[in-house]
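One file, entry30.tsv, is given below (TSV, C-alpha atoms and all ligand atoms).
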chain	number	residue	atom	x	y	z
A	74	MET	CA	-21.60	-5.26	-22.35
A	75	SER	CA	-19.76	-5.32	-25.72
A	76	ARG	CA	-15.99	-5.83	-25.75
A	77	ASP	CA	-15.53	-2.19	-26.81
A	78	ASP	CA	-17.56	-1.04	-23.80
A	79	ARG	CA	-15.61	-3.37	-21.51
A	80	ARG	CA	-12.30	-1.89	-22.73
A	81	LEU	CA	-13.59	1.57	-21.76
A	82	ALA	CA	-14.89	0.45	-18.35
A	83	PRO	CA	-12.96	1.65	-15.27
A	84	ILE	CA	-10.53	-0.44	-13.28
A	85	GLY	CA	-11.68	-0.85	-9.66
A	86	VAL	CA	-9.03	-0.34	-6.97
A	87	PHE	CA	-9.72	-0.78	-3.26
A	88	ASP	CA	-7.85	-0.42	-0.02
A	89	SER	CA	-8.75	-0.10	3.64
A	90	GLY	CA	-7.90	3.59	3.40
A	91	LEU	CA	-5.52	5.93	1.63
A	92	GLY	CA	-2.54	3.57	1.17
A	93	GLY	CA	-4.01	2.20	-2.04
A	94	LEU	CA	-3.39	5.60	-3.61
A	95	THR	CA	0.26	4.53	-3.89
A	96	VAL	CA	-0.98	1.64	-6.05
A	97	LEU	CA	-3.23	3.96	-8.06
A	98	ARG	CA	-0.20	6.17	-8.73
A	99	ALA	CA	1.82	3.21	-10.00
A	100	ILE	CA	-1.04	2.00	-12.24
A	101	ARG	CA	-1.74	5.45	-13.65
A	102	ALA	CA	1.93	5.90	-14.51
A	103	LEU	CA	1.90	2.62	-16.44
A	104	LEU	CA	-1.62	2.83	-17.93
A	105	PRO	CA	-2.40	6.52	-18.51
A	106	HIS	CA	-5.42	5.85	-20.77
A	107	GLU	CA	-7.31	3.80	-18.20
A	108	SER	CA	-10.13	5.15	-16.03
A	109	PHE	CA	-10.28	4.24	-12.33
A	110	LEU	CA	-12.77	3.88	-9.56
A	111	TYR	CA	-10.86	4.04	-6.26
A	112	LEU	CA	-12.52	2.95	-3.05
A	113	GLY	CA	-10.87	3.64	0.33
A	114	ASP	CA	-12.75	2.03	3.21
A	115	THR	CA	-11.78	4.86	5.55
A	116	ALA	CA	-14.73	4.20	7.88
A	117	ARG	CA	-13.30	0.79	8.80
A	118	VAL	CA	-9.52	1.29	8.49
A	119	PRO	CA	-7.28	-0.35	9.71
A	120	TYR	CA	-7.85	-3.90	8.49
A	121	GLY	CA	-4.48	-5.14	9.70
A	122	ASN	CA	-5.55	-5.77	13.28
A	123	LYS	CA	-8.91	-7.39	12.42
A	124	SER	CA	-9.74	-11.12	12.22
A	125	ALA	CA	-9.51	-12.95	8.90
A	126	ALA	CA	-13.32	-13.37	8.81
A	127	THR	CA	-13.84	-9.61	9.14
A	128	VAL	CA	-11.22	-8.75	6.51
A	129	VAL	CA	-12.85	-11.24	4.11
A	130	ARG	CA	-16.30	-9.72	4.73
A	131	TYR	CA	-15.08	-6.13	4.24
A	132	SER	CA	-13.15	-7.13	1.11
A	133	LEU	CA	-16.18	-8.86	-0.44
A	134	GLU	CA	-18.33	-5.79	0.28
A	135	ASN	CA	-15.74	-3.52	-1.33
A	136	ALA	CA	-15.56	-5.76	-4.42
A	137	ALA	CA	-19.37	-5.88	-4.67
A	138	PHE	CA	-19.47	-2.06	-4.60
A	139	LEU	CA	-16.94	-1.90	-7.43
A	140	MET	CA	-18.83	-4.55	-9.43
A	141	ARG	CA	-22.05	-2.52	-9.11
A	142	HIS	CA	-20.13	0.21	-10.96
A	143	HIS	CA	-19.21	-2.19	-13.78
A	144	VAL	CA	-15.44	-2.27	-13.39
A	145	LYS	CA	-13.52	-4.46	-15.86
A	146	ALA	CA	-10.92	-5.64	-13.31
A	147	ILE	CA	-10.24	-5.23	-9.60
A	148	VAL	CA	-6.90	-4.42	-8.00
A	149	VAL	CA	-6.86	-5.37	-4.33
A	150	ALA	CA	-4.59	-2.47	-3.35
A	151	CYS	CA	-4.33	-3.75	0.21
A	152	ASN	CA	-1.83	-6.41	1.23
A	153	THR	CA	-3.98	-7.44	4.20
A	154	SER	CA	-7.00	-8.14	1.96
A	155	SER	CA	-4.74	-9.80	-0.59
A	156	ALA	CA	-3.21	-12.05	2.07
A	157	LEU	CA	-6.54	-13.07	3.65
A	158	ALA	CA	-9.30	-12.67	1.07
A	159	LEU	CA	-7.92	-13.17	-2.44
A	160	LYS	CA	-9.34	-16.69	-2.80
A	161	ASP	CA	-12.83	-15.60	-1.70
A	162	LEU	CA	-12.67	-12.54	-3.95
A	163	THR	CA	-11.63	-14.60	-6.96
A	164	GLN	CA	-14.56	-16.95	-6.38
A	165	ALA	CA	-17.04	-14.11	-5.87
A	166	VAL	CA	-16.44	-11.87	-8.86
A	167	ALA	CA	-16.33	-12.51	-12.59
A	168	VAL	CA	-13.61	-10.02	-13.57
A	169	PRO	CA	-9.83	-10.42	-13.28
A	170	ILE	CA	-8.55	-9.78	-9.73
A	171	ILE	CA	-5.00	-8.66	-9.07
A	172	GLY	CA	-3.62	-8.93	-5.53
A	173	MET	CA	-0.40	-7.59	-4.06
A	174	ILE	CA	1.29	-10.71	-2.67
A	175	ALA	CA	2.24	-12.74	-5.77
A	176	PRO	CA	3.58	-9.78	-7.80
A	177	GLY	CA	5.41	-8.37	-4.74
A	178	ALA	CA	7.01	-11.72	-3.90
A	179	ALA	CA	8.03	-12.34	-7.52
A	180	ARG	CA	9.68	-8.92	-7.76
A	181	ALA	CA	11.54	-9.45	-4.48
A	182	VAL	CA	12.81	-12.87	-5.58
A	183	ALA	CA	13.99	-11.38	-8.88
A	184	MET	CA	15.82	-8.53	-7.06
A	185	SER	CA	17.34	-10.63	-4.29
A	186	ARG	CA	20.98	-11.57	-4.89
A	187	HIS	CA	21.69	-13.60	-1.78
A	188	GLN	CA	18.19	-14.92	-0.98
A	189	ARG	CA	17.77	-12.85	2.21
A	190	ILE	CA	14.43	-11.08	1.98
A	191	GLY	CA	12.77	-8.96	4.67
A	192	ILE	CA	9.07	-8.16	4.89
A	193	ILE	CA	7.28	-5.46	6.82
A	194	GLY	CA	3.49	-5.43	6.92
A	195	THR	CA	0.40	-5.29	9.09
A	196	THR	CA	-0.06	-7.75	11.95
A	197	ALA	CA	-2.57	-9.77	9.88
A	198	THR	CA	-0.39	-9.89	6.75
A	199	ILE	CA	2.69	-11.01	8.68
A	200	ALA	CA	0.70	-13.56	10.71
A	201	SER	CA	-0.79	-15.03	7.50
A	202	ARG	CA	2.75	-15.84	6.23
A	203	ALA	CA	1.37	-15.26	2.73
A	204	TYR	CA	4.57	-13.59	1.52
A	205	GLU	CA	6.75	-16.27	3.00
A	206	HIS	CA	4.76	-18.99	1.21
A	207	ALA	CA	4.81	-17.09	-2.10
A	208	ILE	CA	8.57	-16.49	-1.84
A	209	HIS	CA	9.33	-20.10	-0.93
A	210	ALA	CA	7.18	-21.37	-3.81
A	211	LEU	CA	9.47	-19.42	-6.17
A	212	ALA	CA	12.81	-19.73	-4.34
A	213	PRO	CA	12.69	-22.45	-1.64
A	214	GLY	CA	16.10	-21.72	-0.06
A	215	THR	CA	15.35	-18.06	0.70
A	216	THR	CA	15.74	-16.79	4.27
A	217	VAL	CA	12.76	-14.61	5.16
A	218	ASP	CA	12.63	-12.20	8.12
A	219	SER	CA	9.43	-10.34	8.85
A	220	VAL	CA	8.23	-7.68	11.26
A	221	ALA	CA	4.70	-6.37	11.82
A	222	CYS	CA	4.48	-2.57	12.05
A	223	PRO	CA	0.88	-2.02	13.27
A	224	LEU	CA	1.26	1.71	14.01
A	225	PHE	CA	2.36	2.63	10.48
A	226	VAL	CA	-1.16	2.61	8.97
A	227	PRO	CA	-2.72	4.98	11.58
A	228	LEU	CA	0.32	7.27	11.22
A	229	VAL	CA	-0.21	7.50	7.45
A	230	GLU	CA	-4.00	7.92	7.72
A	231	GLU	CA	-3.28	10.74	10.21
A	232	GLY	CA	-0.93	12.37	7.69
A	233	TRP	CA	2.16	11.90	9.95
A	234	LEU	CA	4.39	10.92	7.07
A	235	ASP	CA	7.65	12.39	8.33
A	236	THR	CA	7.50	13.53	11.95
A	237	PRO	CA	9.93	12.82	14.83
A	238	ALA	CA	7.36	10.45	16.37
A	239	THR	CA	7.07	8.52	13.09
A	240	THR	CA	10.86	8.21	12.87
A	241	MET	CA	11.06	7.01	16.48
A	242	ILE	CA	8.34	4.38	16.00
A	243	ALA	CA	9.85	3.23	12.70
A	244	GLY	CA	13.25	2.93	14.39
A	245	GLN	CA	11.81	0.70	17.08
A	246	TYR	CA	10.08	-1.61	14.58
A	247	LEU	CA	12.90	-1.78	12.05
A	248	GLU	CA	15.63	-2.55	14.57
A	249	ALA	CA	14.03	-6.00	14.89
A	250	LEU	CA	15.13	-6.75	11.30
A	251	PRO	CA	18.64	-8.07	10.61
A	252	SER	CA	18.93	-5.23	8.10
A	253	ARG	CA	22.65	-5.62	7.45
A	254	ASP	CA	22.09	-9.17	6.25
A	255	LEU	CA	19.04	-8.43	4.10
A	256	ASP	CA	19.41	-7.74	0.39
A	257	THR	CA	15.76	-6.81	-0.34
A	258	LEU	CA	12.88	-5.48	1.77
A	259	ILE	CA	9.24	-5.85	0.75
A	260	LEU	CA	7.02	-2.93	1.79
A	261	GLY	CA	4.19	-5.38	2.43
A	262	CYS	CA	1.50	-2.77	2.98
A	263	THR	CA	0.38	-0.19	0.46
A	264	HIS	CA	0.57	2.58	3.08
A	265	TYR	CA	4.31	2.09	3.55
A	266	PRO	CA	5.64	3.72	0.35
A	267	LEU	CA	4.38	6.95	1.95
A	268	LEU	CA	6.88	6.36	4.77
A	269	GLN	CA	9.75	5.57	2.41
A	270	GLN	CA	11.71	8.66	3.44
A	271	VAL	CA	11.59	7.69	7.10
A	272	ILE	CA	12.35	4.02	6.38
A	273	HIS	CA	15.34	5.00	4.24
A	274	ARG	CA	16.68	7.18	7.03
A	275	ILE	CA	16.79	4.16	9.35
A	276	LEU	CA	17.81	1.29	7.06
A	277	PRO	CA	20.90	1.21	4.84
A	278	ARG	CA	20.21	3.39	1.76
A	279	SER	CA	21.54	0.60	-0.45
A	280	LEU	CA	18.77	-1.82	0.64
A	281	PRO	CA	16.25	-2.09	-2.24
A	282	LEU	CA	12.66	-1.50	-1.11
A	283	ILE	CA	9.96	-3.34	-3.07
A	284	ASP	CA	6.83	-1.25	-3.69
A	285	THR	CA	4.15	-3.90	-4.15
A	286	GLY	CA	1.96	-1.40	-6.03
A	287	GLU	CA	4.52	-1.11	-8.81
A	288	ALA	CA	4.75	-4.88	-9.07
A	289	ALA	CA	0.95	-5.23	-9.15
A	290	ALA	CA	0.65	-2.52	-11.82
A	291	ALA	CA	2.94	-4.53	-14.12
A	292	GLU	CA	0.83	-7.65	-13.48
A	293	LEU	CA	-2.41	-5.74	-14.20
A	294	HIS	CA	-0.98	-4.52	-17.51
A	295	GLN	CA	-0.18	-8.09	-18.51
A	296	VAL	CA	-3.59	-9.44	-17.45
A	297	LEU	CA	-5.53	-6.72	-19.32
A	298	ALA	CA	-3.38	-7.10	-22.42
A	299	SER	CA	-3.85	-10.85	-22.58
A	300	ALA	CA	-7.63	-10.50	-22.07
A	301	ASP	CA	-7.73	-7.79	-24.80
A	302	LEU	CA	-9.19	-5.36	-22.27
A	303	LEU	CA	-6.75	-2.44	-22.45
A	304	ALA	CA	-8.39	0.94	-23.14
A	305	PRO	CA	-7.53	2.24	-26.63
A	306	PRO	CA	-4.65	4.78	-26.59
A	307	ALA	CA	-6.86	7.77	-27.48
A	308	THR	CA	-9.20	7.23	-24.50
A	309	LEU	CA	-9.71	10.19	-22.19
A	310	ALA	CA	-9.18	8.71	-18.74
A	311	ARG	CA	-11.55	9.57	-15.89
A	312	ASP	CA	-11.00	8.92	-12.20
A	313	ARG	CA	-13.51	8.68	-9.40
A	314	ILE	CA	-12.34	8.62	-5.78
A	315	CYS	CA	-14.74	7.19	-3.19
A	316	VAL	CA	-14.28	6.81	0.55
A	317	THR	CA	-16.58	5.38	3.19
A	318	ASP	CA	-15.96	8.24	5.64
A	319	ALA	CA	-14.62	11.79	5.52
A	320	THR	CA	-10.81	11.88	5.46
A	321	PRO	CA	-9.35	15.33	6.09
A	322	HIS	CA	-5.83	14.26	5.10
A	323	LEU	CA	-6.69	12.88	1.67
A	324	PRO	CA	-5.93	16.10	-0.29
A	325	ARG	CA	-2.50	16.45	1.36
A	326	ILE	CA	-1.56	12.82	0.75
A	327	ALA	CA	-2.85	13.00	-2.83
A	328	GLU	CA	-0.84	16.17	-3.40
A	329	GLN	CA	2.29	14.35	-2.28
A	330	LEU	CA	1.61	11.44	-4.66
A	331	PHE	CA	0.11	13.00	-7.77
A	332	ALA	CA	1.29	15.88	-9.94
A	333	ALA	CA	-2.27	17.02	-10.70
A	334	PRO	CA	-5.00	17.23	-8.04
A	335	LEU	CA	-7.32	14.23	-7.75
A	336	SER	CA	-11.05	14.66	-8.23
A	337	PRO	CA	-12.75	15.41	-4.87
A	338	ALA	CA	-13.60	12.31	-2.85
A	339	GLU	CA	-17.24	11.19	-2.70
A	340	ILE	CA	-18.50	9.57	0.50
A	341	VAL	CA	-20.22	6.25	-0.26
A	342	SER	CA	-21.64	3.32	1.63
A	343	VAL	CA	-20.57	-0.24	0.76
A	344	ASP	CA	-22.51	-2.42	3.21
A	401	LIG	N1	-2.89	-0.70	2.94
A	401	LIG	C1	-3.29	-1.83	3.72
A	401	LIG	C2	-2.36	-3.00	3.43
A	401	LIG	O1	-1.71	-2.97	2.41
A	401	LIG	C3	-3.39	-1.42	5.14
A	401	LIG	C4	-4.05	-2.41	6.02
A	401	LIG	C5	-4.73	-1.84	7.22
A	401	LIG	O2	-5.75	-1.18	7.02
A	401	LIG	O3	-4.30	-2.13	8.33
A	401	LIG	O4	-2.27	-3.96	4.16
Could you express the structure from this file as structure tokens?
Ligand code: DGL
Amino acid sequence: MSRDDRRLAPIGVFDSGLGGLTVLRAIRALLPHESFLYLGDTARVPYGNKSAATVVRYSLENAAFLMRHHVKAIVVACNTSSALALKDLTQAVAVPIIGMIAPGAARAVAMSRHQRIGIIGTTATIASRAYEHAIHALAPGTTVDSVACPLFVPLVEEGWLDTPATTMIAGQYLEALPSRDLDTLILGCTHYPLLQQVIHRILPRSLPLIDTGEAAAAELHQVLASADLLAPPATLARDRICVTDATPHLPRIAEQLFAAPLSPAEIVSVD
């Protein structure tokens, strides 16, 4: 493929389900001339309660699907895959790979005034301690408190973004955080920005919430620019949305995130 063709190639974005759409939104806002191929592995969501070996296998299959469609870069729009599979993914594919953990940790460290950072994420992400390691590599004295919120992903996939049950469950999880002492909270799962309203109702409004998708979008911009792979400004962007199983709530979640409707989702197989 010539360099001109590579610049016009889509960016691959994958998540276990619909949460990665929050990352797609952040990337589209920053890079409006880029085309995207989004893959939500809705047949196998959630990843956050699976073993590391399974998450690595699913992630490699998702990346192989995107590579078969000639993407120029891959955004791992899933913190769980980023925490457990980034090394394997980087070894397996020949295009730039952007994960969520390093950009999210760097943004939190930059925002934190008193080095008290909280993290919420899936069981697998929290157990991996990937954020903690990334934060301590940048700012060794930082106090890190983390809580796994395993029911958040099914609530989002079910479209329960702001219901009394969601608020009650969020309250129970978030009370385990020393929220008064924290000065920054990482939303360490790409589904969680969809629950921001509920989270803000429970935690102090003044607590900055880090959307890892926004941080990763900035990193992607930098990586594409330095590899001379940005699409030229006049390019007409095209998006393709693929899922591995039917997801009735996708249109409603997309409507909440995007001003214009997304193209209809195609059902694909990745394994
Ligand atoms: N959006 C994924 C993440 O960021 C959700 C993981 C899951 O499927 O449990 O971790």
Using all atoms listed in the file, which residues of chain A come within 10 Å of ligand LIG 401 (chain A), and what is the closest atom pair for each, with the distance in Å to one decimal? Give it as CSV, sorted by chain and residue number.
residue,atom,partner,partner_atom,distance
A:Phe87,CA,A:LIG401,N1,9.2
A:Asp88,CA,A:LIG401,N1,5.8
A:Ser89,CA,A:LIG401,O2,4.6
A:Gly90,CA,A:LIG401,O2,6.4
A:Leu91,CA,A:LIG401,N1,7.3
A:Gly92,CA,A:LIG401,N1,4.6
A:Gly93,CA,A:LIG401,N1,5.9
A:Leu94,CA,A:LIG401,N1,9.1
A:Thr95,CA,A:LIG401,N1,9.2
A:Val96,CA,A:LIG401,N1,9.5
A:Gly113,CA,A:LIG401,N1,9.5
A:Asp114,CA,A:LIG401,O2,8.6
A:Thr115,CA,A:LIG401,O2,8.7
A:Arg117,CA,A:LIG401,O2,8.0
A:Val118,CA,A:LIG401,O2,4.7
A:Pro119,CA,A:LIG401,O2,3.2
A:Tyr120,CA,A:LIG401,O2,3.7
A:Gly121,CA,A:LIG401,O3,3.3
A:Asn122,CA,A:LIG401,O3,6.3
A:Lys123,CA,A:LIG401,O3,8.1
A:Val128,CA,A:LIG401,O2,9.4
A:Val149,CA,A:LIG401,O1,8.8
A:Ala150,CA,A:LIG401,O1,6.5
A:Cys151,CA,A:LIG401,O1,3.5
A:Asn152,CA,A:LIG401,O1,3.6
A:Thr153,CA,A:LIG401,O4,3.9
A:Ser154,CA,A:LIG401,O4,6.7
A:Ser155,CA,A:LIG401,O4,7.9
A:Ala156,CA,A:LIG401,O4,8.4
A:Met173,CA,A:LIG401,O1,8.1
A:Ile174,CA,A:LIG401,O1,9.7
A:Gly194,CA,A:LIG401,O4,6.6
A:Thr195,CA,A:LIG401,O3,5.7
A:Thr196,CA,A:LIG401,O3,7.9
A:Ala197,CA,A:LIG401,O3,8.0
A:Thr198,CA,A:LIG401,O4,6.7
A:Ile199,CA,A:LIG401,O4,9.7
A:Cys222,CA,A:LIG401,O3,9.5
A:Pro223,CA,A:LIG401,O3,7.2
A:Leu224,CA,A:LIG401,O3,8.8
A:Phe225,CA,A:LIG401,O3,8.5
A:Val226,CA,A:LIG401,O3,5.7
A:Pro227,CA,A:LIG401,O3,8.0
A:Val229,CA,A:LIG401,N1,9.7
A:Glu230,CA,A:LIG401,O2,9.3
A:Leu260,CA,A:LIG401,O1,8.8
A:Gly261,CA,A:LIG401,O1,6.4
A:Cys262,CA,A:LIG401,O1,3.3
A:Thr263,CA,A:LIG401,O1,4.0
A:His264,CA,A:LIG401,N1,4.8
A:Tyr265,CA,A:LIG401,N1,7.7
A:Pro266,CA,A:LIG401,N1,10.0
A:Thr285,CA,A:LIG401,O1,8.8
A:Gly286,CA,A:LIG401,O1,9.3
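Counting from atom CA of Ala167 of chain A, the distance to atom CA of Pro83 of chain A is 14.8 Å.
Residues in contact range of Ala291 of chain A, defined as at most 12 Å between only C-alpha atoms, with sequence neighbours fewer than 4 positions away removed, read A:Val96, A:Ala99, A:Ile100, A:Arg101, A:Ala102, A:Leu103, A:Leu104, A:Val148, A:Ile171, A:Gly172, A:Met173, A:Ala175, A:Pro176, A:Gly177, A:Ala179, A:Arg180, A:Asp284, A:Thr285, A:Gly286, A:Glu287, A:Gln295, A:Val296, A:Leu297, A:Ala298.
Picture a line from atom CA of Pro305 of chain A to atom CA of Pro337 of chain A; it runs 26.0 Å.
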Using 7 Å as the limit and counting all atoms listed in the file, can you tabulate each residue of segment 94-163 of chain A that touches segment 307-315 of chain A, with its shortest atom-to-atom distance in Å and the two atoms involved, as JSON lines?
{"residue": "A:His106", "atom": "CA", "partner": "A:Ala310", "partner_atom": "CA", "distance": 5.1}
{"residue": "A:Glu107", "atom": "CA", "partner": "A:Ala310", "partner_atom": "CA", "distance": 5.3}
{"residue": "A:Ser108", "atom": "CA", "partner": "A:Ala310", "partner_atom": "CA", "distance": 4.6}
{"residue": "A:Phe109", "atom": "CA", "partner": "A:Asp312", "partner_atom": "CA", "distance": 4.7}
{"residue": "A:Leu110", "atom": "CA", "partner": "A:Arg313", "partner_atom": "CA", "distance": 4.9}
{"residue": "A:Tyr111", "atom": "CA", "partner": "A:Ile314", "partner_atom": "CA", "distance": 4.8}
{"residue": "A:Leu112", "atom": "CA", "partner": "A:Cys315", "partner_atom": "CA", "distance": 4.8}
{"residue": "A:Gly113", "atom": "CA", "partner": "A:Cys315", "partner_atom": "CA", "distance": 6.3}
